[in-house]
Amino acid sequence: MKTESQKYPVLNVPNTLSFIRILVVPAMAYFFLNDQILWAVVMIAISGLSDAFDGFFARKLNQVTDLGKMLDPLADKLTQVAAAVCIGVKFPSLVFILMVFVAKEVLMAIGAFVLLKRHKKPCAARWYGKTATVLFYISVGIIVVMDGFLNLKTEVFYTVSSVLLGITAVMMVYAMIRYAAVFFALLQSNDPKDNFDIRSALTGRDGLNS
């Protein structure tokens, strides 16, 4: 007999945490752009913690679903693009570095869309993608704290921010290259386990052949 989380995968614990991350995105952007830095930090913390725990609970509670594998990277992309745009608006001199983040997420979103159109399962998050995400959260968190709580000289702020974002950008480019290899492998795959249908995922079935 199927459990409730198998019948209704949208309602399980890890998917709920991913939904929370998606809902936090506009609040984080609003607080940051309106200089309510403490609340912006709280939103970033909630987003980062829910990102850390959704995978843990998915494995611990045996609630790994195809829908969850899509929601997790989607929440990451929305969070990172929103944060990058907010930082770019407040600090225009950092916009060129931030364009790397936005370009990476847009390209990966396009890749996921192509896979779904081909009824292929989008790639789940890998260690290199998670590492890039963690670096991004750390970088954004430090930038927000420097902007809102520390009285740093302008040149110090931009130097530290550029270094942090530069390191994160390098990791993101590396992750994008690795994900591109997975993307093309999935496109050419004839393995039934790589088949996927979004409607099946929403009704608790795991793919076209389940």
# chains A, B, ... in the order shown; residues from 1 in each chain; ligands from 1

$ closest_atom_pairs --of "stretch 99-197 of chain A" --to "stretch 29-53 of chain A" --cutoff "10 Å" --atoms "only C-alpha atoms" --output "CSV"
residue,atom,partner,partner_atom,distance
A:Lys130,CA,A:Ala52,CA,9.4
A:Thr133,CA,A:Gly48,CA,9.1
A:Val134,CA,A:Gly48,CA,8.0
A:Tyr137,CA,A:Gly48,CA,6.8
A:Ile138,CA,A:Gly48,CA,9.3
A:Val140,CA,A:Ile44,CA,8.4
A:Gly141,CA,A:Val41,CA,6.8
A:Ile142,CA,A:Val41,CA,9.6
A:Val144,CA,A:Ile37,CA,6.9
A:Val145,CA,A:Ile37,CA,7.6
A:Asp147,CA,A:Ile37,CA,8.2
A:Gly148,CA,A:Ile37,CA,5.6
A:Phe149,CA,A:Ile37,CA,8.1

$ residues_around --residues "A:Val173" --least-positions-apart "4" --cutoff "12 Å" --atoms "only C-alpha atoms" --output "VMD selection string"
chain A and resid 97 99 to 105 107 to 108 128 to 129 131 to 133 166 to 169 177 to 180

$ closest_residue --among "A:Val156, A:Ile87, A:Ile143, A:Leu74" --to "A:Phe113" --atoms "only C-alpha atoms"
A:Leu74

$ residues_around --residues "A:Pro122" --least-positions-apart "3" --cutoff "7 Å" --atoms "only C-alpha atoms" --output "list of chain:residue names"
A:Met70, A:Ala112, A:Leu115, A:Leu116

$ write_last_selection --atoms "N, CA, C and O atoms" --output "PDB file, in the first residue's frame"
ATOM      1  N   MET A  70      13.155  17.931  -8.998  1.00  0.00           N
ATOM      2  CA  MET A  70      12.969  19.123  -9.820  1.00  0.00           C
ATOM      3  C   MET A  70      12.834  20.376  -8.964  1.00  0.00           C
ATOM      4  O   MET A  70      13.372  21.431  -9.295  1.00  0.00           O
ATOM      5  N   ALA A 112      16.752  22.121 -18.578  1.00  0.00           N
ATOM      6  CA  ALA A 112      15.716  21.341 -17.897  1.00  0.00           C
ATOM      7  C   ALA A 112      14.424  21.337 -18.697  1.00  0.00           C
ATOM      8  O   ALA A 112      13.734  20.305 -18.798  1.00  0.00           O
ATOM      9  N   LEU A 115      14.746  18.915 -21.601  1.00  0.00           N
ATOM     10  CA  LEU A 115      14.632  17.534 -21.130  1.00  0.00           C
ATOM     11  C   LEU A 115      13.176  17.168 -20.854  1.00  0.00           C
ATOM     12  O   LEU A 115      12.725  16.065 -21.207  1.00  0.00           O
ATOM     13  N   LEU A 116      12.434  18.066 -20.229  1.00  0.00           N
ATOM     14  CA  LEU A 116      11.027  17.794 -19.950  1.00  0.00           C
ATOM     15  C   LEU A 116      10.218  17.650 -21.246  1.00  0.00           C
ATOM     16  O   LEU A 116       9.330  16.793 -21.337  1.00  0.00           O
TER      17      LEU A 116
END
